[in-house]
$ cat input25.pdb   # PDB, C-alpha atoms
MODEL        1
ATOM      1  CA  MET Y 433       9.384  22.211 -41.510
ATOM      2  CA  THR Y 434       9.287  18.480 -40.858
ATOM      3  CA  ASP Y 435      11.675  16.426 -42.970
ATOM      4  CA  HIS Y 436      10.135  13.104 -43.941
ATOM      5  CA  SER Y 437      13.163  11.901 -45.909
ATOM      6  CA  THR Y 438      14.785   8.593 -45.041
ATOM      7  CA  PRO Y 439      18.127   9.167 -43.289
ATOM      8  CA  THR Y 440      21.292   7.496 -44.509
ATOM      9  CA  ALA Y 441      23.020   4.991 -42.266
ATOM     10  CA  ALA Y 442      25.421   7.697 -41.048
ATOM     11  CA  ALA Y 443      22.872  10.485 -40.511
ATOM     12  CA  GLY Y 444      21.727  11.117 -36.965
ATOM     13  CA  SER Y 445      24.170   8.639 -35.430
ATOM     14  CA  ALA Y 446      26.544  11.027 -33.656
ATOM     15  CA  TRP Y 447      24.521  10.352 -30.484
ATOM     16  CA  LEU Y 448      26.006   6.827 -30.478
ATOM     17  CA  ALA Y 449      29.454   8.358 -29.837
ATOM     18  CA  GLY Y 450      31.247   5.557 -31.629
ATOM     19  CA  SER Y 451      29.244   2.673 -30.188
ATOM     20  CA  ALA Y 452      27.482   0.179 -32.440
ATOM     21  CA  ALA Y 453      24.276   0.353 -30.392
ATOM     22  CA  ALA Y 454      22.736   1.905 -27.299
ATOM     23  CA  PHE Y 455      21.000  -0.432 -24.847
ATOM     24  CA  LEU Y 456      18.262   1.145 -22.708
ATOM     25  CA  ILE Y 457      16.783  -0.884 -19.871
ATOM     26  CA  THR Y 458      13.332   0.426 -18.962
ATOM     27  CA  ILE Y 459      11.250  -0.944 -16.112
ATOM     28  CA  PRO Y 460       7.598   0.042 -15.658
ATOM     29  CA  VAL Y 461       6.499  -0.276 -12.026
ATOM     30  CA  ASP Y 462       2.720  -0.357 -12.395
ATOM     31  CA  CYS Y 463       1.818  -2.646  -9.473
ATOM     32  CA  GLU Y 464      -1.983  -2.773  -9.202
ATOM     33  CA  ALA Y 465      -2.591   0.341 -11.317
ATOM     34  CA  CYS Y 466      -2.433  -1.391 -14.695
ATOM     35  CA  MET Y 467      -5.120  -3.908 -13.699
ATOM     36  CA  LEU Y 468      -7.340  -1.326 -12.018
ATOM     37  CA  SER Y 469      -7.197   0.780 -15.188
ATOM     38  CA  ILE Y 470      -8.742  -2.186 -17.011
ATOM     39  CA  GLY Y 471     -11.538  -2.561 -14.461
ATOM     40  CA  SER Y 472     -12.121  -1.362 -10.901
ATOM     41  CA  ARG Y 473     -13.703  -4.749 -10.080
ATOM     42  CA  TYR Y 474     -10.205  -6.251  -9.927
ATOM     43  CA  ALA Y 475      -9.622  -4.404  -6.653
ATOM     44  CA  LYS Y 476     -11.725  -7.203  -5.098
ATOM     45  CA  HIS Y 477      -9.947 -10.006  -7.002
ATOM     46  CA  PRO Y 478      -7.231 -11.414  -4.693
ATOM     47  CA  LEU Y 479      -5.480 -13.447  -7.398
ATOM     48  CA  VAL Y 480      -5.099 -10.479  -9.733
ATOM     49  CA  MET Y 481      -4.011  -8.134  -6.943
ATOM     50  CA  SER Y 482      -1.473 -10.656  -5.615
ATOM     51  CA  HIS Y 483      -0.118 -11.140  -9.149
ATOM     52  CA  GLN Y 484       0.598  -7.408  -9.269
ATOM     53  CA  ARG Y 485       1.783  -7.134  -5.678
ATOM     54  CA  TYR Y 486       4.598  -9.569  -6.546
ATOM     55  CA  GLU Y 487       6.196  -6.590  -8.238
ATOM     56  CA  ILE Y 488       6.877  -4.738  -5.027
ATOM     57  CA  ASN Y 489       7.167  -7.839  -2.808
ATOM     58  CA  ARG Y 490       9.917  -9.492  -4.800
ATOM     59  CA  GLY Y 491      10.304  -8.556  -8.493
ATOM     60  CA  LEU Y 492      11.397  -4.927  -8.184
ATOM     61  CA  PRO Y 493      14.055  -5.500  -5.485
ATOM     62  CA  ARG Y 494      15.386  -8.456  -7.481
ATOM     63  CA  LEU Y 495      15.730  -6.450 -10.718
ATOM     64  CA  ILE Y 496      17.404  -3.570  -8.893
ATOM     65  CA  GLU Y 497      19.830  -6.044  -7.332
ATOM     66  CA  LEU Y 498      20.653  -7.445 -10.788
ATOM     67  CA  LEU Y 499      21.351  -3.958 -12.130
ATOM     68  CA  GLY Y 500      23.599  -3.266  -9.168
ATOM     69  CA  ASP Y 501      25.506  -6.513  -9.634
ATOM     70  CA  LEU Y 502      26.359  -5.543 -13.214
ATOM     71  CA  GLY Y 503      26.650  -1.776 -12.691
ATOM     72  CA  LEU Y 504      23.936  -0.969 -15.235
ATOM     73  CA  PRO Y 505      21.701   2.121 -15.386
ATOM     74  CA  ALA Y 506      17.951   1.910 -15.945
ATOM     75  CA  THR Y 507      14.882   4.120 -16.193
ATOM     76  CA  PHE Y 508      11.826   3.273 -14.103
ATOM     77  CA  PHE Y 509       8.343   4.432 -15.099
ATOM     78  CA  ALA Y 510       5.820   4.451 -12.250
ATOM     79  CA  PRO Y 511       2.263   5.826 -12.238
ATOM     80  CA  GLY Y 512       1.566   8.450  -9.601
ATOM     81  CA  TRP Y 513      -1.099   6.203  -8.075
ATOM     82  CA  THR Y 514       1.530   3.517  -7.513
ATOM     83  CA  LEU Y 515       4.035   5.946  -6.009
ATOM     84  CA  GLU Y 516       1.442   7.220  -3.531
ATOM     85  CA  ARG Y 517       0.418   3.750  -2.352
ATOM     86  CA  HIS Y 518       3.857   2.166  -2.456
ATOM     87  CA  PRO Y 519       6.391   4.802  -1.340
ATOM     88  CA  GLU Y 520       9.036   2.079  -1.209
ATOM     89  CA  VAL Y 521       9.085   2.119  -5.035
ATOM     90  CA  ALA Y 522      10.676   5.559  -5.143
ATOM     91  CA  GLN Y 523      12.933   4.696  -2.215
ATOM     92  CA  LEU Y 524      14.268   1.604  -3.978
ATOM     93  CA  VAL Y 525      14.677   3.242  -7.391
ATOM     94  CA  LEU Y 526      16.162   6.535  -6.294
ATOM     95  CA  GLY Y 527      18.207   4.929  -3.532
ATOM     96  CA  ALA Y 528      19.963   2.815  -6.160
ATOM     97  CA  GLY Y 529      20.702   5.905  -8.279
ATOM     98  CA  HIS Y 530      18.314   5.147 -11.132
ATOM     99  CA  GLU Y 531      16.100   7.481 -13.133
ATOM    100  CA  LEU Y 532      12.405   7.782 -12.214
ATOM    101  CA  ALA Y 533      10.180   9.118 -15.004
ATOM    102  CA  HIS Y 534       6.565  10.150 -15.665
ATOM    103  CA  HIS Y 535       4.107   7.328 -16.427
ATOM    104  CA  SER Y 536       0.703   9.014 -15.924
ATOM    105  CA  TYR Y 537      -1.178   9.048 -12.641
ATOM    106  CA  SER Y 538      -3.835   6.375 -13.194
ATOM    107  CA  HIS Y 539      -2.319   4.234 -15.985
ATOM    108  CA  ARG Y 540      -5.335   4.876 -18.194
ATOM    109  CA  ARG Y 541      -4.749   5.060 -21.947
ATOM    110  CA  PRO Y 542      -4.477   8.751 -22.939
ATOM    111  CA  VAL Y 543      -5.965   7.988 -26.350
ATOM    112  CA  GLU Y 544      -9.212   7.028 -24.545
ATOM    113  CA  LEU Y 545      -9.363  10.171 -22.388
ATOM    114  CA  GLY Y 546     -10.679  13.596 -23.265
ATOM    115  CA  GLU Y 547      -8.171  16.412 -23.548
ATOM    116  CA  ALA Y 548      -9.077  17.962 -20.179
ATOM    117  CA  GLU Y 549      -9.065  14.593 -18.403
ATOM    118  CA  GLU Y 550      -5.686  13.699 -19.844
ATOM    119  CA  ARG Y 551      -4.234  17.037 -18.729
ATOM    120  CA  ALA Y 552      -5.567  16.570 -15.207
ATOM    121  CA  ASP Y 553      -4.083  13.061 -15.011
ATOM    122  CA  PHE Y 554      -0.738  14.274 -16.395
ATOM    123  CA  GLU Y 555      -0.555  17.168 -13.931
ATOM    124  CA  ARG Y 556      -1.536  14.974 -10.996
ATOM    125  CA  ALA Y 557       1.352  12.624 -11.768
ATOM    126  CA  LEU Y 558       3.737  15.576 -11.958
ATOM    127  CA  GLY Y 559       2.536  16.657  -8.522
ATOM    128  CA  VAL Y 560       3.337  13.258  -7.022
ATOM    129  CA  LEU Y 561       6.831  13.295  -8.515
ATOM    130  CA  GLU Y 562       7.410  16.861  -7.310
ATOM    131  CA  ARG Y 563       6.531  15.870  -3.754
ATOM    132  CA  LEU Y 564       9.165  13.140  -4.031
ATOM    133  CA  GLY Y 565      11.742  15.708  -5.132
ATOM    134  CA  VAL Y 566      11.831  14.342  -8.682
ATOM    135  CA  ALA Y 567      11.848  16.641 -11.717
ATOM    136  CA  PRO Y 568      11.259  14.070 -14.469
ATOM    137  CA  SER Y 569      13.160  14.339 -17.721
ATOM    138  CA  GLY Y 570      10.828  12.091 -19.659
ATOM    139  CA  HIS Y 571       7.498  10.396 -20.094
ATOM    140  CA  ARG Y 572       5.951   7.137 -21.229
ATOM    141  CA  ALA Y 573       2.241   6.913 -21.992
ATOM    142  CA  ALA Y 574       0.307   4.087 -20.372
ATOM    143  CA  TYR Y 575       0.134   1.123 -22.741
ATOM    144  CA  TRP Y 576       2.207   3.167 -25.222
ATOM    145  CA  SER Y 577      -1.099   4.780 -26.226
ATOM    146  CA  PRO Y 578      -0.576   8.563 -26.405
ATOM    147  CA  SER Y 579      -3.331  10.808 -27.665
ATOM    148  CA  ALA Y 580      -2.965  13.522 -30.277
ATOM    149  CA  HIS Y 581      -2.197  15.931 -27.388
ATOM    150  CA  THR Y 582       0.199  13.877 -25.263
ATOM    151  CA  LEU Y 583       3.533  14.973 -26.711
ATOM    152  CA  ASP Y 584       2.438  18.601 -26.605
ATOM    153  CA  LEU Y 585       1.808  18.165 -22.850
ATOM    154  CA  VAL Y 586       5.276  16.665 -22.519
ATOM    155  CA  ALA Y 587       6.789  19.732 -24.189
ATOM    156  CA  GLU Y 588       4.544  22.216 -22.365
ATOM    157  CA  TYR Y 589       5.688  20.979 -18.955
ATOM    158  CA  GLY Y 590       9.353  20.995 -19.903
ATOM    159  CA  LEU Y 591      10.027  17.282 -20.145
ATOM    160  CA  ARG Y 592      12.806  16.495 -22.571
ATOM    161  CA  TYR Y 593      11.823  13.140 -24.015
ATOM    162  CA  ASP Y 594       8.977  10.731 -24.623
ATOM    163  CA  THR Y 595       9.069   6.983 -25.186
ATOM    164  CA  SER Y 596       5.645   6.046 -26.558
ATOM    165  CA  LEU Y 597       5.899   6.151 -30.368
ATOM    166  CA  MET Y 598       7.411   3.523 -32.653
ATOM    167  CA  GLY Y 599       8.308   5.495 -35.783
ATOM    168  CA  ASP Y 600      11.998   4.567 -35.919
ATOM    169  CA  ASP Y 601      14.687   2.515 -34.206
ATOM    170  CA  ARG Y 602      16.798   5.597 -33.476
ATOM    171  CA  PRO Y 603      15.977   8.698 -31.454
ATOM    172  CA  TYR Y 604      14.127  11.378 -33.391
ATOM    173  CA  LEU Y 605      12.598  14.805 -32.830
ATOM    174  CA  VAL Y 606       8.863  15.462 -32.773
ATOM    175  CA  ASP Y 607       7.627  19.025 -33.280
ATOM    176  CA  THR Y 608       4.736  20.154 -31.077
ATOM    177  CA  PRO Y 609       3.090  23.573 -30.542
ATOM    178  CA  HIS Y 610       5.128  23.925 -27.335
ATOM    179  CA  GLY Y 611       8.446  22.860 -28.855
ATOM    180  CA  GLU Y 612      10.460  19.790 -29.738
ATOM    181  CA  VAL Y 613      10.311  16.480 -27.906
ATOM    182  CA  ILE Y 614      12.974  13.797 -28.280
ATOM    183  CA  GLU Y 615      11.336  10.473 -29.028
ATOM    184  CA  LEU Y 616      13.132   7.339 -27.821
ATOM    185  CA  PRO Y 617      11.139   4.743 -29.742
ATOM    186  CA  PRO Y 618      10.135   1.445 -28.118
ATOM    187  CA  PHE Y 619       9.088  -1.732 -29.955
ATOM    188  CA  TRP Y 620       6.634  -4.486 -29.021
ATOM    189  CA  GLY Y 621       9.226  -7.168 -29.803
ATOM    190  CA  LEU Y 622      11.442  -5.807 -27.021
ATOM    191  CA  ASP Y 623       8.687  -5.904 -24.387
ATOM    192  CA  ASP Y 624       8.503  -8.764 -21.888
ATOM    193  CA  TRP Y 625       4.696  -8.484 -21.870
ATOM    194  CA  GLU Y 626       4.600 -10.178 -25.275
ATOM    195  CA  GLN Y 627       6.735 -13.022 -23.918
ATOM    196  CA  TYR Y 628       5.455 -13.628 -20.416
ATOM    197  CA  ALA Y 629       2.045 -12.051 -19.756
ATOM    198  CA  TRP Y 630      -0.712 -14.515 -18.834
ATOM    199  CA  LEU Y 631      -3.733 -14.333 -16.551
ATOM    200  CA  PRO Y 632      -7.108 -16.087 -16.697
ATOM    201  CA  GLU Y 633      -8.636 -12.622 -16.281
ATOM    202  CA  PRO Y 634      -8.254  -9.904 -17.251
ATOM    203  CA  ASP Y 635      -7.006 -11.185 -20.585
ATOM    204  CA  ILE Y 636      -3.595  -9.522 -20.639
ATOM    205  CA  GLY Y 637      -2.010 -12.157 -22.850
ATOM    206  CA  ARG Y 638      -1.917 -15.890 -23.398
ATOM    207  CA  VAL Y 639       1.728 -16.812 -23.610
ATOM    208  CA  ILE Y 640       4.455 -17.932 -21.219
ATOM    209  CA  GLU Y 641       7.706 -18.393 -23.095
ATOM    210  CA  PRO Y 642      10.732 -19.937 -21.388
ATOM    211  CA  PRO Y 643      13.365 -17.293 -20.617
ATOM    212  CA  HIS Y 644      15.880 -18.748 -23.067
ATOM    213  CA  LEU Y 645      13.426 -18.168 -25.940
ATOM    214  CA  ALA Y 646      12.450 -14.672 -24.807
ATOM    215  CA  THR Y 647      16.054 -13.573 -24.430
ATOM    216  CA  ALA Y 648      16.917 -15.201 -27.781
ATOM    217  CA  VAL Y 649      14.437 -12.794 -29.422
ATOM    218  CA  TRP Y 650      16.094  -9.850 -27.691
ATOM    219  CA  ARG Y 651      19.603 -11.087 -28.426
ATOM    220  CA  ASP Y 652      18.770 -11.379 -32.138
ATOM    221  CA  GLU Y 653      17.456  -7.810 -32.092
ATOM    222  CA  LEU Y 654      20.647  -6.642 -30.407
ATOM    223  CA  GLU Y 655      22.833  -8.281 -33.048
ATOM    224  CA  ALA Y 656      20.809  -6.661 -35.834
ATOM    225  CA  ILE Y 657      20.775  -3.233 -34.195
ATOM    226  CA  ARG Y 658      24.565  -3.404 -33.829
ATOM    227  CA  SER Y 659      24.756  -3.900 -37.592
ATOM    228  CA  HIS Y 660      22.434  -1.022 -38.394
ATOM    229  CA  GLY Y 661      23.441   1.368 -35.615
ATOM    230  CA  GLY Y 662      20.526   2.194 -33.365
ATOM    231  CA  LEU Y 663      18.723   1.946 -30.087
ATOM    232  CA  LEU Y 664      17.552  -1.169 -28.282
ATOM    233  CA  GLN Y 665      15.038  -0.277 -25.605
ATOM    234  CA  LEU Y 666      14.151  -3.319 -23.524
ATOM    235  CA  THR Y 667      10.994  -3.081 -21.419
ATOM    236  CA  CYS Y 668      10.781  -5.366 -18.386
ATOM    237  CA  HIS Y 669       7.854  -5.312 -15.970
ATOM    238  CA  ALA Y 670       8.919  -6.334 -12.491
ATOM    239  CA  PHE Y 671       5.860  -8.558 -11.971
ATOM    240  CA  LEU Y 672       6.863 -10.491 -15.112
ATOM    241  CA  SER Y 673      10.651 -10.315 -15.491
ATOM    242  CA  GLY Y 674      11.235 -10.250 -11.726
ATOM    243  CA  ARG Y 675      10.605 -14.004 -11.476
ATOM    244  CA  PRO Y 676      13.796 -15.994 -10.734
ATOM    245  CA  GLY Y 677      14.266 -17.800 -14.055
ATOM    246  CA  ARG Y 678      13.588 -14.633 -16.002
ATOM    247  CA  VAL Y 679      15.992 -12.564 -13.929
ATOM    248  CA  GLU Y 680      18.735 -15.074 -14.630
ATOM    249  CA  GLY Y 681      17.853 -14.954 -18.337
ATOM    250  CA  LEU Y 682      18.266 -11.174 -18.217
ATOM    251  CA  ARG Y 683      21.588 -11.579 -16.428
ATOM    252  CA  ARG Y 684      22.904 -13.743 -19.285
ATOM    253  CA  LEU Y 685      21.609 -11.269 -21.891
ATOM    254  CA  PHE Y 686      23.202  -8.282 -20.157
ATOM    255  CA  GLU Y 687      26.496 -10.098 -19.655
ATOM    256  CA  HIS Y 688      26.528 -10.986 -23.352
ATOM    257  CA  ALA Y 689      25.930  -7.339 -24.321
ATOM    258  CA  LEU Y 690      28.662  -6.144 -21.971
ATOM    259  CA  ALA Y 691      31.117  -8.645 -23.421
ATOM    260  CA  LEU Y 692      30.583  -7.242 -26.928
ATOM    261  CA  ARG Y 693      32.280  -3.971 -25.851
ATOM    262  CA  ASP Y 694      30.602  -1.939 -28.608
ATOM    263  CA  VAL Y 695      27.237  -1.619 -26.846
ATOM    264  CA  THR Y 696      26.676   1.321 -24.505
ATOM    265  CA  PHE Y 697      24.162   1.021 -21.684
ATOM    266  CA  LEU Y 698      22.332   4.293 -20.994
ATOM    267  CA  ASN Y 699      19.286   5.385 -19.090
ATOM    268  CA  CYS Y 700      16.668   7.331 -21.027
ATOM    269  CA  GLU Y 701      17.797  10.702 -19.710
ATOM    270  CA  GLN Y 702      21.356  10.019 -20.871
ATOM    271  CA  ALA Y 703      20.153   8.853 -24.290
ATOM    272  CA  ALA Y 704      18.001  11.963 -24.683
ATOM    273  CA  GLU Y 705      20.922  14.198 -23.717
ATOM    274  CA  ARG Y 706      23.077  12.582 -26.390
ATOM    275  CA  ALA Y 707      20.304  12.827 -28.959
ATOM    276  CA  ALA Y 708      19.718  16.514 -28.203
ATOM    277  CA  ALA Y 709      23.374  17.224 -29.017
ATOM    278  CA  ASP Y 710      23.209  15.423 -32.379
ATOM    279  CA  PRO Y 711      22.618  17.953 -35.210
ATOM    280  CA  GLY Y 712      21.744  15.160 -37.630
ATOM    281  CA  LEU Y 713      18.733  13.901 -35.695
ATOM    282  CA  THR Y 714      15.691  13.303 -37.909
ATOM    283  CA  HIS Y 715      12.470  15.282 -37.435
ATOM    284  CA  ARG Y 716       9.236  13.311 -37.633
ATOM    285  CA  ASP Y 717       5.681  14.325 -36.877
ATOM    286  CA  VAL Y 718       2.954  12.588 -34.858
ATOM    287  CA  PRO Y 719       1.316  10.525 -37.617
ATOM    288  CA  LEU Y 720      -2.303  11.674 -37.584
ATOM    289  CA  PHE Y 721      -4.615  11.976 -40.586
ATOM    290  CA  GLU Y 722      -7.868  13.602 -41.560
ATOM    291  CA  LEU Y 723      -9.728  10.904 -43.464
ATOM    292  CA  GLU Y 724     -10.954  11.819 -46.899
ATOM    293  CA  SER Y 725     -14.402  10.818 -48.125
ATOM    294  CA  GLY Y 726     -14.512   7.321 -49.546
ATOM    295  CA  LEU Y 727     -11.857   5.944 -47.203
ATOM    296  CA  PRO Y 728     -12.921   3.242 -44.736
ATOM    297  CA  ARG Y 729     -14.057   4.423 -41.313
ATOM    298  CA  ALA Y 730     -14.581   2.427 -38.164
TER     299      ALA Y 730
ENDMDL
END
$ encode --input "input25.pdb" --output "structure tokens"
Amino acid sequence: MTDHSTPTAAAGSAWLAGSAAAFLITIPVDCEACMLSIGSRYAKHPLVMSHQRYEINRGLPRLIELLGDLGLPATFFAPGWTLERHPEVAQLVLGAGHELAHHSYSHRRPVELGEAEERADFERALGVLERLGVAPSGHRAAYWSPSAHTLDLVAEYGLRYDTSLMGDDRPYLVDTPHGEVIELPPFWGLDDWEQYAWLPEPDIGRVIEPPHLATAVWRDELEAIRSHGGLLQLTCHAFLSGRPGRVEGLRRLFEHALALRDVTFLNCEQAAERAAADPGLTHRDVPLFELESGLPRA
């Protein structure tokens, strides 16, 4: 039975193992897939394609170099389509000892797909990872937009965790027909897309913050999470955060977190392993409702 009670500050925190906060660095490597999922016409749009190709040309190697300089782990989420067309992505990520996780095949929003189409896309991505010798521990839905069936697919295929729902700022368990899934919740405020994404078209955002302002947002979140005891999951796209000024902003943020000495850097697999061993972890369901008559409908 799902427990919807609000946990106390101490409940479900054994996974922190004495740290004030866990810092997860997550890096989606979408390349062209995220733009092509918006519209196939962008395949013939050189500006848009070059904007995305920066990821593999420069941004991804630069972020991996930064992680290596500081000895930090990270989890990379790459669509199967990207891994097929850019085999150097897996070579760079795995060669540096980082985690590579499931991020769909086509980068289409699961919530907009039918159940059979979503399953086919999910399985196709698994096939790509299998051919690379990767048995993924976890999953992130494209655009953080899982369907009502997504987490059940995650459990059915034996993946341990998901990172697509935002129902807490600590890990929690989600019950599905095929078993429990550990949710490592993200948050829009810890996503570089909301700070840096800008293109004339497609309209992916209309803001370019200077790195010192973007990292100030994330630093404030880190200070608060240390006070409350939780998880900070930073999401950095290599075509956005891989630019020089932004990389150096990340370097200063990471060095600050390391200097605090009560923040533990983990990849998602490590965080899920800790969470699985915590008997106080909260259970939450996928929040779906059957609308009653008289309630507003779209």
$ resolve_selection --input "input25.pdb" --expression "the PyMOL selection byres ((chain Y and resi 670) around 7)" --output "list in words"
Ile459, Val461, Glu487, Gly491, Leu492, Cys668, His669, Phe671, Leu672, Ser673 and Gly674 of chain Y
$ residues_around --input "input25.pdb" --residues "region 538-545 of chain Y" --least-positions-apart "2" --cutoff "8 Å" --atoms "only C-alpha atoms" --output "count of residues only"
23
$ residues_around --input "input25.pdb" --residues "Val606 (chain Y)" --least-positions-apart "6" --cutoff "7 Å" --atoms "all atoms listed in the file" --output "ChimeraX atom specification"
/Y:612-615,715-718
$ atom_distance --input "input25.pdb" --atom1 "CA of Arg678 (chain Y)" --atom2 "CA of Gln702 (chain Y)"
26.3 Å
$ residues_around --input "input25.pdb" --residues "Glu626 (chain Y)" --least-positions-apart "4" --cutoff "9 Å" --atoms "all atoms listed in the file" --output "MDAnalysis selection string"
chainID Y and resid 620:622 637:640
$ residues_around --input "input25.pdb" --residues "region 449-453 of chain Y" --least-positions-apart "2" --cutoff "6 Å" --atoms "all atoms listed in the file" --output "list in words"
Ala446, Trp447, Arg658, Gly661, Gly662, Leu663, Asp694 and Val695 of chain Y
$ closest_residue --input "input25.pdb" --among "Y:Thr714, Y:Thr458, Y:Asn699, Y:Thr667" --to "Asp600 (chain Y)" --atoms "only C-alpha atoms"
Y:Thr714
$ residues_around --input "input25.pdb" --residues "Asp652 (chain Y)" --least-positions-apart "6" --cutoff "12 Å" --atoms "all atoms listed in the file" --output "JSON, numbers by chain"
{"Y": [621, 622, 645, 646, 658, 659, 664, 685, 688, 689]}
$ atom_distance --input "input25.pdb" --atom1 "CA of Pro643 (chain Y)" --atom2 "CA of Asp623 (chain Y)"
12.9 Å
$ resolve_selection --input "input25.pdb" --expression "the PyMOL selection byres ((chain Y and resi 483) around 10)" --output "count of residues only"
15
$ resolve_selection --input "input25.pdb" --expression "the PyMOL selection byres ((chain Y and resi 605) around 12)" --output "PyMOL selection string"
chain Y and resi 433-436+444+583+587+592-595+597+599-600+602-604+606-608+611-617+704+707-718
$ closest_residue --input "input25.pdb" --among "Y:His530, Y:Arg675, Y:Lys476, Y:Arg490" --to "Ile457 (chain Y)" --atoms "all atoms listed in the file"
Y:His530
$ residues_near_point --input "input25.pdb" --point "(28.1, -4.7, -13.2)" --cutoff "12 Å" --atoms "all atoms listed in the file" --output "list in words"
Ile496, Glu497, Leu498, Leu499, Gly500, Asp501, Leu502, Gly503, Leu504, Pro505, Arg683, Phe686, Glu687, Ala689, Leu690, Ala691 and Phe697 of chain Y
$ write_last_selection --input "input25.pdb" --atoms "C-alpha atoms" --output "JSON list (two decimals), in the frame of the given file"
[["chain", "number", "residue", "atom", "x", "y", "z"],
["Y", 496, "ILE", "CA", 17.40, -3.57, -8.89],
["Y", 497, "GLU", "CA", 19.83, -6.04, -7.33],
["Y", 498, "LEU", "CA", 20.65, -7.44, -10.79],
["Y", 499, "LEU", "CA", 21.35, -3.96, -12.13],
["Y", 500, "GLY", "CA", 23.60, -3.27, -9.17],
["Y", 501, "ASP", "CA", 25.51, -6.51, -9.63],
["Y", 502, "LEU", "CA", 26.36, -5.54, -13.21],
["Y", 503, "GLY", "CA", 26.65, -1.78, -12.69],
["Y", 504, "LEU", "CA", 23.94, -0.97, -15.24],
["Y", 505, "PRO", "CA", 21.70, 2.12, -15.39],
["Y", 683, "ARG", "CA", 21.59, -11.58, -16.43],
["Y", 686, "PHE", "CA", 23.20, -8.28, -20.16],
["Y", 687, "GLU", "CA", 26.50, -10.10, -19.66],
["Y", 689, "ALA", "CA", 25.93, -7.34, -24.32],
["Y", 690, "LEU", "CA", 28.66, -6.14, -21.97],
["Y", 691, "ALA", "CA", 31.12, -8.64, -23.42],
["Y", 697, "PHE", "CA", 24.16, 1.02, -21.68]]
$ atom_distance --input "input25.pdb" --atom1 "CA of Leu682 (chain Y)" --atom2 "CA of Arg494 (chain Y)"
11.4 Å
$ closest_residue --input "input25.pdb" --among "Y:Pro719, Y:Asp601, Y:Thr696, Y:Pro568" --to "Ala656 (chain Y)" --atoms "all atoms listed in the file"
Y:Asp601
$ closest_residue --input "input25.pdb" --among "Y:His477, Y:Arg651, Y:His660, Y:Arg556" --to "Leu692 (chain Y)" --atoms "only C-alpha atoms"
Y:Arg651
